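**Q** I am attaching a structure below and will ask some questions about it afterwards.
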Amino acid sequence: MNTGAAGCRSRRAGRLAALALIVGLAACRSLPAPALLEHRYAGRFSLAVLHHAPDQDGRREAYSGRFALQVGAQALALDLVSPLGATIARFETDPHEARLLVPDAGGVRVERGSDAQALSERVLGWSLPVAGMPDWVQGRPVPSRPFQPLPGEGAQQRFEQDGWAVTVDAPEPDRPGLRLQMDRAGVAGSPDVALRVVLDGPPA
């Protein structure tokens with residue numbers, strides 16, 4: 001028996017099951033509201049994932065919905081919301097750990113890790129740039145971490161940070177919030193990830 005292939009299939013099945021909890025419309029139970037933090041951002045997201053692993057090469061996945069990001073001095077909560085309006089997953093971080101919360105059998109399943117991006121990679125099979133988003137949604141790189149400016153068009157601001165190429169488009173008359181495109185190329189078999197976020201407006 002090829003135990004390596006069986007293990008790979010088992011890990012892939014586990015990730016797909018986790019993904020079904022997070023983005024599946026069958027979820028009928030929302031998570032309880034998080035503690036209110038200092039700033040709140042809301043808007044729409046779309047996510048595209050392109051796999052490169054030998055057993056999945058070329059497979060594409062695409063998801064969309066709404067999000068709510070609450071940011072405090074040393075904590076954040078990022079809710080992913082289904083098109084039907086149910087909060088079906090949440091990332092939380094504080095100085096001690098990162099947590100991914102999903103509805104599970106009438107309760108809440110909690111996965112924990114050292115940081116949100118690594119936790120996303122482990123549970124979902126791809127990265128989400130949770131740690132950078134509190135600054136990126138303000139149109140700037142995280143000041144305390146290295147970044148590289150990138151060329152942009154017109155009034156765009158572009159930079160690379162934490163392995164993500166971030167493009168920020170300013171508000172327009174018919175769109176009061178920033179628009180962000182966040183792209184991460186796959187490394188060592190991990191998938192390419194393209195995350196697009198359109199903010200409703202300034203933070204509440």
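Following the order of the structure tokens, first chain is A, next is B, and so on, with residues numbered from 1 inside each chain and ligands from 1 in the order they appear.
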Which residues, written as a list of chain:residue names, have at least one atom at most 9 Å from A:Ser46, with only C-alpha atoms counted and residues fewer than 4 positions away on the same chain left out?
**A** A:Ala62, A:Tyr63, A:Ser64, A:Gly65, A:Arg66, A:Ala194, A:Leu195, A:Arg196, A:Val197
**Q** Can those selected residues be exported to a file as a JSON list (two decimals), in the first residue's frame so that it contains C-alpha atoms?
**A**
```json
[["chain", "number", "residue", "atom", "x", "y", "z"],
["A", 62, "ALA", "CA", -13.10, 30.33, -6.31],
["A", 63, "TYR", "CA", -15.12, 31.76, -3.43],
["A", 64, "SER", "CA", -16.81, 35.05, -2.61],
["A", 65, "GLY", "CA", -18.82, 36.68, 0.14],
["A", 66, "ARG", "CA", -18.57, 39.45, 2.70],
["A", 194, "ALA", "CA", -5.43, 35.83, -5.24],
["A", 195, "LEU", "CA", -7.57, 37.70, -2.73],
["A", 196, "ARG", "CA", -9.59, 40.76, -3.76],
["A", 197, "VAL", "CA", -11.22, 43.01, -1.18]]
```
**Q** Using only C-alpha atoms, which residues sit within 10 Å of A:Gln74 once same-chain residues fewer than 3 positions away are excluded, as a PyMOL selection string?
**A** chain A and resi 37+71+93-96
**Q** Take the residues from that selection and put them in a file with C-alpha atoms, as a compact mmCIF listing (two decimals), in the first residue's frame.
**A**
```txt
# COMPACT_ATOMS: atom_id res chain seq x y z
CA LEU A 37 -12.61 46.22 19.07
CA VAL A 71 -8.95 45.69 14.91
CA THR A 93 -5.43 36.83 16.99
CA ASP A 94 -3.93 38.24 20.18
CA PRO A 95 -0.36 38.44 21.50
CA HIS A 96 -0.50 34.78 22.56
```
**Q** From a DSSP calculation on the backbone, collect every residue of chain A in strand (DSSP E or B) and output the set as a PyMOL selection string.
**A** chain A and resi 39-50+60-71+76-81+87-93+98-104+107-113+148-150+157-161+164-169+172+175+179-184+192-199
**Q** I need the residue nearest A:Gly189 from this list: A:Ala155, A:Leu47, A:Pro54, A:Gly113. Use only C-alpha atoms for the distance.
**A** A:Pro54
**Q** From the list A:Leu178, A:Ala105, A:Leu78, A:Val110, which residue is nearest A:Arg140 when using only C-alpha atoms?
**A**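 Among A:Leu178, A:Ala105, A:Leu78, A:Val110, it is A:Leu178 that comes nearest to A:Arg140.
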**Q** Taking 6 positions as the minimum chain separation for residues in the same chain, which residues sit within 6 Å of stretch 159-162 of chain A when counting only C-alpha atoms? Answer as JSON, numbers by chain.
**A** {"A": [147, 148, 149, 150]}
**Q** Using N, CA and C atoms, can you export the residues from the last selection as a compact mmCIF listing (two decimals), in the first residue's frame?
**A**
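Full text of part10.txt as output:
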```
# COMPACT_ATOMS: atom_id res chain seq x y z
N PHE A 147 9.22 45.59 3.92
CA PHE A 147 8.38 45.58 2.73
C PHE A 147 9.19 46.15 1.58
N GLN A 148 8.73 45.86 0.36
CA GLN A 148 9.39 46.33 -0.85
C GLN A 148 8.39 47.08 -1.71
N PRO A 149 8.62 48.36 -2.02
CA PRO A 149 7.72 49.08 -2.94
C PRO A 149 7.74 48.42 -4.31
N LEU A 150 6.58 48.44 -4.98
CA LEU A 150 6.45 47.91 -6.33
C LEU A 150 5.90 49.00 -7.24
```
**Q** Give me the residues near stretch 198-202 of chain A as a list in words, where near means some atom within 8 Å (using only C-alpha atoms) and where sequence neighbours in that chain fewer than 4 positions away do not count.
**A** Tyr41, Ala42, Gly43, Arg44, Phe45, Val137, Arg175, Pro176, Gly177, Leu178, Arg179 and Leu180 of chain A
**Q** Just write the chosen residues, C-alpha atoms, as a CSV table (one decimal), in the first residue's frame.
**A**
```csv
chain,number,residue,atom,x,y,z
A,41,TYR,CA,-14.0,47.5,8.4
A,42,ALA,CA,-16.5,45.7,6.2
A,43,GLY,CA,-16.8,44.9,2.5
A,44,ARG,CA,-16.8,42.2,-0.1
A,45,PHE,CA,-14.1,39.6,-0.9
A,137,VAL,CA,-6.9,48.0,4.5
A,175,ARG,CA,-17.0,53.5,-4.6
A,176,PRO,CA,-16.2,55.1,-1.2
A,177,GLY,CA,-13.9,52.4,0.1
A,178,LEU,CA,-10.4,51.2,-0.9
A,179,ARG,CA,-10.0,48.3,-3.3
A,180,LEU,CA,-7.2,45.8,-2.5
```
**Q** So which one's closest to A:His51, A:Gly125, A:Arg145, A:Asp174, A:Gly163? Using only C-alpha atoms, please.
**A**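 Comparing A:Gly125, A:Arg145, A:Asp174, A:Gly163 against A:His51, the winner is A:Gly125.
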**Q** Which neighbours of A:Arg112 fall inside 9 Å, counting only C-alpha atoms, when residues of the same chain fewer than 4 positions from it are skipped, and could you give them as a ChimeraX atom specification?
**A** /A:97-101,116,119
**Q** Would you give me, as a ChimeraX atom specification, the residues in stretch 32-188 of chain A that DSSP reads as helix (DSSP H, G or I)?
**A** /A:116-124,133-136
**Q** Of the candidates A:Gly85, A:Arg40, A:Val49, A:Val142, which shows the shortest atom-to-atom distance to A:Asp183, using only C-alpha atoms?
**A**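 Looking at the shortest contact to A:Asp183, the residue is A:Val49.
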**Q** Just to confirm, what's the straight-line distance from atom CA of A:Trp164 to atom CA of A:Met182 in Å (one decimal)?
**A** 6.2 Å
